[in-house]
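Reproduced below: data_18.tsv, with TSV, C-alpha atoms and all ligand atoms.
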```tsv
chain	number	residue	atom	x	y	z
G	1	MET	CA	-33.27	6.19	-19.46
G	2	PRO	CA	-32.41	5.27	-15.87
G	3	ARG	CA	-29.84	7.53	-14.30
G	4	LEU	CA	-26.70	6.10	-12.84
G	5	PRO	CA	-26.77	6.25	-9.05
G	6	ALA	CA	-24.93	9.29	-7.67
G	7	ASN	CA	-22.99	7.05	-5.38
G	8	LYS	CA	-22.07	3.79	-7.05
G	9	LEU	CA	-21.67	2.14	-3.68
G	10	SER	CA	-25.44	2.14	-3.28
G	11	ASP	CA	-25.64	-0.25	-6.26
G	12	MET	CA	-25.41	-3.84	-4.95
G	13	GLY	CA	-24.20	-5.33	-8.25
G	14	TYR	CA	-21.38	-2.83	-8.40
G	15	ILE	CA	-20.44	-3.51	-4.78
G	16	TRP	CA	-20.04	-7.21	-5.57
G	17	VAL	CA	-17.77	-6.45	-8.51
G	18	VAL	CA	-15.55	-4.22	-6.36
G	19	ALA	CA	-15.47	-6.70	-3.45
G	20	ASP	CA	-14.63	-9.55	-5.82
G	21	LYS	CA	-11.76	-7.54	-7.31
G	22	LEU	CA	-10.35	-6.68	-3.86
G	23	PHE	CA	-10.42	-10.33	-2.79
G	24	ARG	CA	-8.66	-11.42	-5.97
G	25	LEU	CA	-5.92	-8.85	-5.28
G	26	GLY	CA	-5.37	-10.53	-1.91
G	27	ALA	CA	-7.44	-8.34	0.42
G	28	ARG	CA	-8.68	-9.92	3.63
G	29	PRO	CA	-12.35	-9.62	4.64
G	30	PRO	CA	-11.91	-6.74	7.17
G	31	VAL	CA	-10.21	-4.65	4.46
G	32	VAL	CA	-12.89	-5.43	1.88
G	33	ARG	CA	-15.61	-4.54	4.39
G	34	SER	CA	-13.97	-1.21	5.17
G	35	LEU	CA	-14.10	-0.31	1.47
G	36	CYS	CA	-17.43	-1.92	0.50
G	37	PRO	CA	-20.66	-1.79	2.51
G	38	ILE	CA	-21.16	-5.56	2.87
G	39	GLY	CA	-21.82	-7.63	5.99
G	40	LYS	CA	-19.29	-9.90	7.70
G	41	LYS	CA	-21.04	-13.12	6.65
G	42	THR	CA	-21.42	-11.92	3.06
G	43	ALA	CA	-17.71	-11.05	2.89
G	44	ILE	CA	-16.68	-14.46	4.22
G	45	ARG	CA	-19.05	-16.26	1.82
G	46	LEU	CA	-17.65	-14.36	-1.14
G	47	TYR	CA	-14.09	-15.16	-0.03
G	48	GLN	CA	-14.96	-18.86	0.26
G	49	THR	CA	-16.53	-18.86	-3.20
G	50	ILE	CA	-13.38	-17.40	-4.75
G	51	TYR	CA	-10.72	-19.35	-2.83
G	52	GLN	CA	-12.62	-22.53	-1.85
G	53	GLN	CA	-11.40	-22.11	1.73
G	54	SER	CA	-12.06	-19.99	4.81
G	55	PRO	CA	-10.17	-16.71	5.26
G	56	LYS	CA	-7.46	-16.35	7.92
G	57	GLN	CA	-8.82	-15.40	11.33
G	58	GLY	CA	-7.51	-12.75	13.69
G	59	LEU	CA	-6.31	-9.19	13.44
G	60	LEU	CA	-4.43	-7.89	10.42
G	61	PRO	CA	-0.69	-7.55	11.08
G	62	TYR	CA	0.13	-3.89	11.59
G	63	ASP	CA	3.51	-2.18	11.73
G	64	PRO	CA	3.30	1.64	12.02
G	65	TYR	CA	7.04	1.92	11.27
G	66	TRP	CA	7.03	-0.32	8.18
G	67	ILE	CA	7.89	2.54	5.77
G	68	VAL	CA	11.25	3.16	7.49
G	69	ARG	CA	12.26	-0.51	7.84
G	70	SER	CA	14.45	-0.09	4.74
G	71	SER	CA	14.97	2.34	1.88
G	72	VAL	CA	13.67	-0.22	-0.64
G	73	ILE	CA	10.46	-0.61	1.37
G	74	ASN	CA	10.22	3.18	1.57
G	75	ILE	CA	10.44	3.43	-2.24
G	76	HIS	CA	7.57	0.94	-2.62
G	77	ALA	CA	5.41	2.81	-0.10
G	78	SER	CA	6.26	6.08	-1.86
G	79	ILE	CA	5.18	4.74	-5.28
G	80	PHE	CA	1.86	3.45	-3.97
G	81	LEU	CA	0.97	6.42	-1.74
G	82	GLY	CA	2.06	8.92	-4.40
G	83	LEU	CA	-0.36	7.32	-6.87
G	84	PHE	CA	-3.07	7.03	-4.23
G	85	GLN	CA	-2.77	10.71	-3.31
G	86	ASP	CA	-2.75	11.85	-6.95
G	87	PHE	CA	-5.81	9.72	-7.82
G	88	THR	CA	-7.68	10.87	-4.70
G	89	ARG	CA	-7.08	14.52	-5.65
G	90	GLN	CA	-8.30	13.91	-9.22
G	91	GLN	CA	-11.42	12.12	-8.04
G	92	ASN	CA	-14.70	14.00	-8.42
G	93	GLN	CA	-17.44	14.11	-5.80
G	94	ASP	CA	-19.21	10.99	-7.06
G	95	GLY	CA	-15.95	9.07	-7.19
G	96	CYS	CA	-15.72	5.81	-5.36
G	97	PRO	CA	-12.88	5.58	-2.76
G	98	ALA	CA	-12.61	1.80	-3.25
G	99	GLU	CA	-12.12	2.30	-6.99
G	100	THR	CA	-9.38	4.89	-6.38
G	101	PHE	CA	-7.63	2.55	-3.96
G	102	ILE	CA	-7.78	-0.37	-6.44
G	103	ALA	CA	-6.55	1.79	-9.34
G	104	ALA	CA	-3.54	3.01	-7.31
G	105	TYR	CA	-2.70	-0.48	-6.06
G	106	GLU	CA	-2.94	-2.09	-9.51
G	107	LEU	CA	-0.74	0.59	-11.03
G	108	TYR	CA	1.79	0.19	-8.18
G	109	CYS	CA	1.97	-3.57	-8.96
G	110	ARG	CA	2.58	-2.87	-12.65
G	111	VAL	CA	5.27	-0.26	-11.95
G	112	VAL	CA	7.33	-2.41	-9.55
G	113	ALA	CA	7.08	-5.53	-11.73
G	114	HIS	CA	9.07	-3.72	-14.43
G	115	ASN	CA	12.16	-3.00	-12.34
G	116	PRO	CA	15.18	-4.14	-14.44
G	117	HIS	CA	17.51	-4.23	-11.39
G	118	PRO	CA	15.55	-5.64	-8.46
G	119	SER	CA	17.20	-5.66	-5.02
G	120	LYS	CA	17.56	-8.92	-3.08
G	121	LEU	CA	14.42	-8.08	-1.13
G	122	GLU	CA	12.43	-7.49	-4.33
G	123	ALA	CA	13.81	-10.54	-6.12
G	124	GLY	CA	12.57	-12.69	-3.22
G	125	VAL	CA	8.86	-11.98	-3.78
G	126	THR	CA	6.48	-12.61	-6.68
G	127	GLN	CA	6.73	-9.80	-9.28
G	128	ALA	CA	8.70	-7.69	-6.77
G	129	ILE	CA	5.50	-6.75	-4.97
G	130	LEU	CA	6.75	-5.91	-1.47
G	131	LEU	CA	3.57	-4.09	-0.54
G	132	ASP	CA	0.67	-6.43	0.08
G	133	ILE	CA	-2.80	-4.94	-0.53
G	134	ASN	CA	-3.76	-5.22	3.15
G	135	ARG	CA	-0.74	-3.20	4.18
G	136	ALA	CA	-1.44	-0.76	1.34
G	137	TRP	CA	-4.85	-0.18	2.91
G	138	GLN	CA	-3.22	0.46	6.30
G	139	LEU	CA	-0.74	2.90	4.73
G	140	SER	CA	-3.58	4.81	3.06
G	141	GLY	CA	-5.18	5.12	6.53
G	142	GLN	CA	-1.90	6.40	8.01
G	143	LEU	CA	-1.68	8.96	5.19
G	144	ARG	CA	-5.26	10.14	5.80
G	145	ALA	CA	-4.55	10.38	9.54
G	146	GLY	CA	-1.47	12.53	8.85
G	147	GLU	CA	0.93	10.01	10.43
G	148	ILE	CA	2.59	9.58	7.03
G	149	GLY	CA	3.30	12.46	4.68
G	150	LEU	CA	4.70	12.75	1.16
G	151	VAL	CA	7.61	15.16	0.79
G	152	ILE	CA	9.95	16.20	-2.01
G	153	CYS	CA	13.65	15.64	-1.34
G	154	GLY	CA	15.57	18.93	-1.44
G	155	LYS	CA	18.61	17.23	-3.01
G	156	CYS	CA	17.27	14.78	-5.61
G	157	GLN	CA	13.64	15.93	-5.95
G	158	ALA	CA	12.27	12.43	-5.35
G	159	ARG	CA	8.82	12.35	-3.78
G	160	HIS	CA	8.93	10.00	-0.80
G	161	VAL	CA	7.04	9.08	2.33
G	162	VAL	CA	8.06	10.08	5.86
G	163	LEU	CA	6.72	9.48	9.36
G	164	THR	CA	5.55	13.02	10.07
G	165	LYS	CA	5.50	12.80	13.87
G	166	MET	CA	8.94	11.25	14.23
G	167	PRO	CA	12.41	12.88	14.35
G	168	LYS	CA	14.66	13.40	11.32
G	169	PRO	CA	16.14	9.87	11.10
G	170	PHE	CA	12.63	8.70	10.20
G	171	GLN	CA	12.38	11.19	7.36
G	172	GLN	CA	15.33	10.31	5.14
G	173	CYS	CA	15.20	10.18	1.36
G	174	PRO	CA	15.28	6.57	0.11
G	175	ILE	CA	17.18	7.59	-3.04
G	176	CYS	CA	20.03	9.81	-1.85
G	177	GLU	CA	20.28	9.35	1.92
G	178	VAL	CA	21.47	5.76	1.68
G	179	TRP	CA	24.75	3.89	1.33
G	180	ALA	CA	25.54	0.30	0.28
G	181	ASP	CA	27.24	-2.10	2.71
G	182	LYS	CA	29.71	-4.84	1.69
G	183	SER	CA	26.91	-7.20	0.65
G	184	GLY	CA	25.36	-4.48	-1.50
G	185	ARG	CA	22.44	-3.93	0.85
G	186	ARG	CA	21.22	-0.34	0.91
G	187	ARG	CA	21.29	1.27	4.36
G	188	TRP	CA	19.98	4.58	5.63
G	189	VAL	CA	22.77	7.14	6.18
G	190	THR	CA	21.94	7.24	9.90
G	191	VAL	CA	22.78	3.54	10.25
G	192	ASN	CA	26.33	3.45	11.54
G	193	ALA	CA	28.74	1.53	9.29
G	194	ARG	CA	30.89	0.41	12.25
G	195	LYS	CA	27.94	-1.27	13.95
G	196	ILE	CA	27.39	-3.48	10.92
G	197	THR	CA	30.92	-4.49	9.94
Y	201	ZN	ZN	16.88	12.53	-2.29
```
Kindly return the structure encoded in the file as structure tokens.
Ligand SMILES: [Zn+2]
Amino acid sequence: MPRLPANKLSDMGYIWVVADKLFRLGARPPVVRSLCPIGKKTAIRLYQTIYQQSPKQGLLPYDPYWIVRSSVINIHASIFLGLFQDFTRQQNQDGCPAETFIAAYELYCRVVAHNPHPSKLEAGVTQAILLDINRAWQLSGQLRAGEIGLVICGKCQARHVVLTKMPKPFQQCPICEVWADKSGRRRWVTVNARKIT
């Protein structure tokens, strides 16, 4: 019986399956190529086969401070990166990083789609998915680089993401260090109420 390859990413058929899945989840070619060893032309051809059009050109949008833009955004980043970190730790040596990333992202999408009380921000996007897969890939890079960390809140025990190299206002808990303004929008406690009203 043939043995399975130690590293699945040396199996071309498997690589195509993973790349196809990433594209269907919305990943752009540079993201797919960072997770699957395929060439630029191959990635673009596969994208065109799936979507019947050429992929967007140019750099991926990148916002290093995205996780602190709002507490709702921070909750979404915390759900995805929490799953990603747990899955990465459970992964054995032969595990495929692309597979781990996909598993965490798919589970994130399922979790947020079942929110019975979506915020305005969440209600405005399909299935409440605020975190696009390309940004999820960037966040996983920030986590690996140590720019983002997962911490447990001392008050409410929620696990949430923080910008590790930034001062305290960038490390607030998205569950208990927030308040709601007149319109019901959740604000970080450090955002001054007088400035808004
Ligand atoms: Zn808390």
Could I get the residues of chain G with an atom no further than 12 Å from an atom of ligand ZN 201 (chain Y), each paired with its nearest atom pair and that distance in Å to one decimal, using all atoms listed in the file, sorted by chain and residue number, as JSON lines?
```
{"residue": "G:Ser71", "atom": "CA", "partner": "Y:ZN201", "partner_atom": "ZN", "distance": 11.2}
{"residue": "G:Ile75", "atom": "CA", "partner": "Y:ZN201", "partner_atom": "ZN", "distance": 11.1}
{"residue": "G:Val151", "atom": "CA", "partner": "Y:ZN201", "partner_atom": "ZN", "distance": 10.1}
{"residue": "G:Ile152", "atom": "CA", "partner": "Y:ZN201", "partner_atom": "ZN", "distance": 7.8}
{"residue": "G:Cys153", "atom": "CA", "partner": "Y:ZN201", "partner_atom": "ZN", "distance": 4.6}
{"residue": "G:Gly154", "atom": "CA", "partner": "Y:ZN201", "partner_atom": "ZN", "distance": 6.6}
{"residue": "G:Lys155", "atom": "CA", "partner": "Y:ZN201", "partner_atom": "ZN", "distance": 5.1}
{"residue": "G:Cys156", "atom": "CA", "partner": "Y:ZN201", "partner_atom": "ZN", "distance": 4.0}
{"residue": "G:Gln157", "atom": "CA", "partner": "Y:ZN201", "partner_atom": "ZN", "distance": 6.0}
{"residue": "G:Ala158", "atom": "CA", "partner": "Y:ZN201", "partner_atom": "ZN", "distance": 5.5}
{"residue": "G:Arg159", "atom": "CA", "partner": "Y:ZN201", "partner_atom": "ZN", "distance": 8.2}
{"residue": "G:His160", "atom": "CA", "partner": "Y:ZN201", "partner_atom": "ZN", "distance": 8.5}
{"residue": "G:Val161", "atom": "CA", "partner": "Y:ZN201", "partner_atom": "ZN", "distance": 11.4}
{"residue": "G:Gln171", "atom": "CA", "partner": "Y:ZN201", "partner_atom": "ZN", "distance": 10.7}
{"residue": "G:Gln172", "atom": "CA", "partner": "Y:ZN201", "partner_atom": "ZN", "distance": 7.9}
{"residue": "G:Cys173", "atom": "CA", "partner": "Y:ZN201", "partner_atom": "ZN", "distance": 4.7}
{"residue": "G:Pro174", "atom": "CA", "partner": "Y:ZN201", "partner_atom": "ZN", "distance": 6.6}
{"residue": "G:Ile175", "atom": "CA", "partner": "Y:ZN201", "partner_atom": "ZN", "distance": 5.0}
{"residue": "G:Cys176", "atom": "CA", "partner": "Y:ZN201", "partner_atom": "ZN", "distance": 4.2}
{"residue": "G:Glu177", "atom": "CA", "partner": "Y:ZN201", "partner_atom": "ZN", "distance": 6.3}
{"residue": "G:Val178", "atom": "CA", "partner": "Y:ZN201", "partner_atom": "ZN", "distance": 9.1}
{"residue": "G:Trp188", "atom": "CA", "partner": "Y:ZN201", "partner_atom": "ZN", "distance": 11.6}
{"residue": "G:Val189", "atom": "CA", "partner": "Y:ZN201", "partner_atom": "ZN", "distance": 11.6}
```
Write out as an MDAnalysis selection string which residues come within 12 Å of Tyr51 of chain G when counting all atoms listed in the file, dropping same-chain ones fewer than 4 positions away.
chainID G and resid 20 23:28 44:47 55:56
For Val112 of chain G, which residue out of G:Val162, G:Leu35, G:Leu131, G:Leu143 is the nearest one, using only C-alpha atoms?
G:Leu131
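Minimum distance to Ala103 of chain G across G:Leu22, G:Val72, G:Ile15, G:Leu60 (counting all atoms listed in the file) occurs at G:Leu22.
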Distance of atom CA of Phe101 of chain G from atom CA of Gln127 of chain G, expressed in Å to one decimal place:
19.7 Å
Within 9 Å of Ile102 of chain G, counting all atoms listed in the file, which residues qualify if same-chain residues fewer than 5 places away don't, as an MDAnalysis selection string?
chainID G and resid 18 21:22 25 97 107 133
For those residues, write C-alpha atoms to a file as a short mmCIF file (atom, residue, chain, number, x, y, z; two decimals), in the coordinates of the input.
```
data_model
loop_
_atom_site.label_atom_id
_atom_site.label_comp_id
_atom_site.auth_asym_id
_atom_site.auth_seq_id
_atom_site.Cartn_x
_atom_site.Cartn_y
_atom_site.Cartn_z
CA VAL G 18 -15.55 -4.22 -6.36
CA LYS G 21 -11.76 -7.54 -7.31
CA LEU G 22 -10.35 -6.68 -3.86
CA LEU G 25 -5.92 -8.85 -5.28
CA PRO G 97 -12.88 5.58 -2.76
CA LEU G 107 -0.74 0.59 -11.03
CA ILE G 133 -2.80 -4.94 -0.53
#
```
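Between atom CA of Glu122 of chain G and atom CA of Arg69 of chain G the separation is 14.0 Å.
Interatomic distance, atom CA of Thr164 of chain G to atom CA of Thr100 of chain G: 23.7 Å.
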Writing N, CA, C and O atoms and nothing else, produce segment 46-77 of chain G as an mmCIF file, in the first residue's frame.
```cif
data_model
loop_
_atom_site.group_PDB
_atom_site.id
_atom_site.type_symbol
_atom_site.label_atom_id
_atom_site.label_comp_id
_atom_site.auth_asym_id
_atom_site.auth_seq_id
_atom_site.Cartn_x
_atom_site.Cartn_y
_atom_site.Cartn_z
ATOM 1 N N LEU G 46 -6.436 29.459 -11.739
ATOM 2 C CA LEU G 46 -7.425 28.773 -10.906
ATOM 3 C C LEU G 46 -8.532 29.750 -10.489
ATOM 4 O O LEU G 46 -9.715 29.423 -10.523
ATOM 5 N N TYR G 47 -8.138 30.954 -10.117
ATOM 6 C CA TYR G 47 -9.116 31.989 -9.740
ATOM 7 C C TYR G 47 -10.072 32.258 -10.903
ATOM 8 O O TYR G 47 -11.289 32.312 -10.731
ATOM 9 N N GLN G 48 -9.503 32.399 -12.097
ATOM 10 C CA GLN G 48 -10.338 32.685 -13.281
ATOM 11 C C GLN G 48 -11.284 31.534 -13.599
ATOM 12 O O GLN G 48 -12.416 31.750 -14.026
ATOM 13 N N THR G 49 -10.833 30.314 -13.367
ATOM 14 C CA THR G 49 -11.694 29.150 -13.614
ATOM 15 C C THR G 49 -12.895 29.170 -12.668
ATOM 16 O O THR G 49 -14.019 28.891 -13.056
ATOM 17 N N ILE G 50 -12.647 29.532 -11.404
ATOM 18 C CA ILE G 50 -13.724 29.522 -10.416
ATOM 19 C C ILE G 50 -14.674 30.700 -10.620
ATOM 20 O O ILE G 50 -15.888 30.544 -10.622
ATOM 21 N N TYR G 51 -14.131 31.898 -10.797
ATOM 22 C CA TYR G 51 -14.971 33.103 -10.824
ATOM 23 C C TYR G 51 -15.266 33.658 -12.215
ATOM 24 O O TYR G 51 -16.002 34.637 -12.342
ATOM 25 N N GLN G 52 -14.686 33.064 -13.245
ATOM 26 C CA GLN G 52 -14.906 33.543 -14.625
ATOM 27 C C GLN G 52 -14.524 35.013 -14.792
ATOM 28 O O GLN G 52 -15.107 35.727 -15.600
ATOM 29 N N GLN G 53 -13.578 35.475 -14.008
ATOM 30 C CA GLN G 53 -13.052 36.840 -14.173
ATOM 31 C C GLN G 53 -11.666 36.921 -13.536
ATOM 32 O O GLN G 53 -11.289 36.031 -12.775
ATOM 33 N N SER G 54 -10.948 38.002 -13.857
ATOM 34 C CA SER G 54 -9.593 38.144 -13.311
ATOM 35 C C SER G 54 -9.655 38.645 -11.871
ATOM 36 O O SER G 54 -10.559 39.405 -11.522
ATOM 37 N N PRO G 55 -8.678 38.237 -11.031
ATOM 38 C CA PRO G 55 -8.675 38.739 -9.653
ATOM 39 C C PRO G 55 -8.301 40.215 -9.597
ATOM 40 O O PRO G 55 -7.718 40.742 -10.534
ATOM 41 N N LYS G 56 -8.661 40.863 -8.476
ATOM 42 C CA LYS G 56 -8.289 42.270 -8.270
ATOM 43 C C LYS G 56 -6.772 42.392 -8.258
ATOM 44 O O LYS G 56 -6.083 41.512 -7.738
ATOM 45 N N GLN G 57 -6.276 43.486 -8.804
ATOM 46 C CA GLN G 57 -4.830 43.719 -8.800
ATOM 47 C C GLN G 57 -4.451 44.539 -7.563
ATOM 48 O O GLN G 57 -5.309 45.063 -6.883
ATOM 49 N N GLY G 58 -3.159 44.650 -7.339
ATOM 50 C CA GLY G 58 -2.669 45.549 -6.286
ATOM 51 C C GLY G 58 -2.496 44.867 -4.941
ATOM 52 O O GLY G 58 -2.808 43.691 -4.776
ATOM 53 N N LEU G 59 -1.980 45.653 -4.002
ATOM 54 C CA LEU G 59 -1.686 45.121 -2.671
ATOM 55 C C LEU G 59 -2.972 44.844 -1.904
ATOM 56 O O LEU G 59 -3.999 45.463 -2.152
ATOM 57 N N LEU G 60 -2.889 43.941 -0.957
ATOM 58 C CA LEU G 60 -4.038 43.670 -0.089
ATOM 59 C C LEU G 60 -4.165 44.846 0.879
ATOM 60 O O LEU G 60 -3.162 45.355 1.357
ATOM 61 N N PRO G 61 -5.405 45.283 1.165
ATOM 62 C CA PRO G 61 -5.536 46.346 2.172
ATOM 63 C C PRO G 61 -5.032 45.832 3.526
ATOM 64 O O PRO G 61 -5.254 44.669 3.858
ATOM 65 N N TYR G 62 -4.342 46.670 4.254
ATOM 66 C CA TYR G 62 -3.792 46.221 5.533
ATOM 67 C C TYR G 62 -3.939 47.325 6.582
ATOM 68 O O TYR G 62 -3.548 48.455 6.368
ATOM 69 N N ASP G 63 -4.555 46.976 7.704
ATOM 70 C CA ASP G 63 -4.725 47.923 8.793
ATOM 71 C C ASP G 63 -4.231 47.254 10.077
ATOM 72 O O ASP G 63 -4.923 46.411 10.654
ATOM 73 N N PRO G 64 -3.016 47.630 10.546
ATOM 74 C CA PRO G 64 -2.462 46.965 11.738
ATOM 75 C C PRO G 64 -3.267 47.220 13.003
ATOM 76 O O PRO G 64 -3.121 46.503 13.992
ATOM 77 N N TYR G 65 -4.128 48.266 12.978
ATOM 78 C CA TYR G 65 -4.908 48.606 14.171
ATOM 79 C C TYR G 65 -6.360 48.149 14.067
ATOM 80 O O TYR G 65 -7.210 48.561 14.850
ATOM 81 N N TRP G 66 -6.670 47.315 13.080
ATOM 82 C CA TRP G 66 -8.052 46.915 12.840
ATOM 83 C C TRP G 66 -8.728 46.354 14.095
ATOM 84 O O TRP G 66 -9.878 46.666 14.378
ATOM 85 N N ILE G 67 -8.011 45.538 14.869
ATOM 86 C CA ILE G 67 -8.638 44.864 16.026
ATOM 87 C C ILE G 67 -9.114 45.817 17.117
ATOM 88 O O ILE G 67 -9.904 45.431 17.974
ATOM 89 N N VAL G 68 -8.612 47.073 17.111
ATOM 90 C CA VAL G 68 -9.086 48.019 18.134
ATOM 91 C C VAL G 68 -10.013 49.079 17.541
ATOM 92 O O VAL G 68 -10.379 50.035 18.214
ATOM 93 N N ARG G 69 -10.418 48.908 16.287
ATOM 94 C CA ARG G 69 -11.313 49.899 15.658
ATOM 95 C C ARG G 69 -12.655 49.964 16.379
ATOM 96 O O ARG G 69 -13.284 51.017 16.438
ATOM 97 N N SER G 70 -13.135 48.822 16.873
ATOM 98 C CA SER G 70 -14.339 48.816 17.712
ATOM 99 C C SER G 70 -14.363 47.527 18.515
ATOM 100 O O SER G 70 -13.667 46.563 18.185
ATOM 101 N N SER G 71 -15.192 47.543 19.585
ATOM 102 C CA SER G 71 -15.242 46.344 20.436
ATOM 103 C C SER G 71 -15.871 45.171 19.684
ATOM 104 O O SER G 71 -15.511 44.019 19.910
ATOM 105 N N VAL G 72 -16.823 45.453 18.783
ATOM 106 C CA VAL G 72 -17.461 44.370 18.024
ATOM 107 C C VAL G 72 -16.420 43.703 17.099
ATOM 108 O O VAL G 72 -16.336 42.474 17.020
ATOM 109 N N ILE G 73 -15.630 44.534 16.463
ATOM 110 C CA ILE G 73 -14.553 44.016 15.603
ATOM 111 C C ILE G 73 -13.586 43.184 16.446
ATOM 112 O O ILE G 73 -13.152 42.106 16.041
ATOM 113 N N ASN G 74 -13.268 43.693 17.642
ATOM 114 C CA ASN G 74 -12.345 42.984 18.514
ATOM 115 C C ASN G 74 -12.895 41.603 18.896
ATOM 116 O O ASN G 74 -12.150 40.620 18.951
ATOM 117 N N ILE G 75 -14.195 41.515 19.103
ATOM 118 C CA ILE G 75 -14.811 40.220 19.444
ATOM 119 C C ILE G 75 -14.645 39.248 18.265
ATOM 120 O O ILE G 75 -14.281 38.081 18.451
ATOM 121 N N HIS G 76 -14.864 39.730 17.062
ATOM 122 C CA HIS G 76 -14.719 38.863 15.876
ATOM 123 C C HIS G 76 -13.270 38.372 15.733
ATOM 124 O O HIS G 76 -13.026 37.193 15.491
ATOM 125 N N ALA G 77 -12.326 39.290 15.893
ATOM 126 C CA ALA G 77 -10.908 38.911 15.789
ATOM 127 C C ALA G 77 -10.549 37.913 16.889
ATOM 128 O O ALA G 77 -9.784 36.968 16.667
#
```
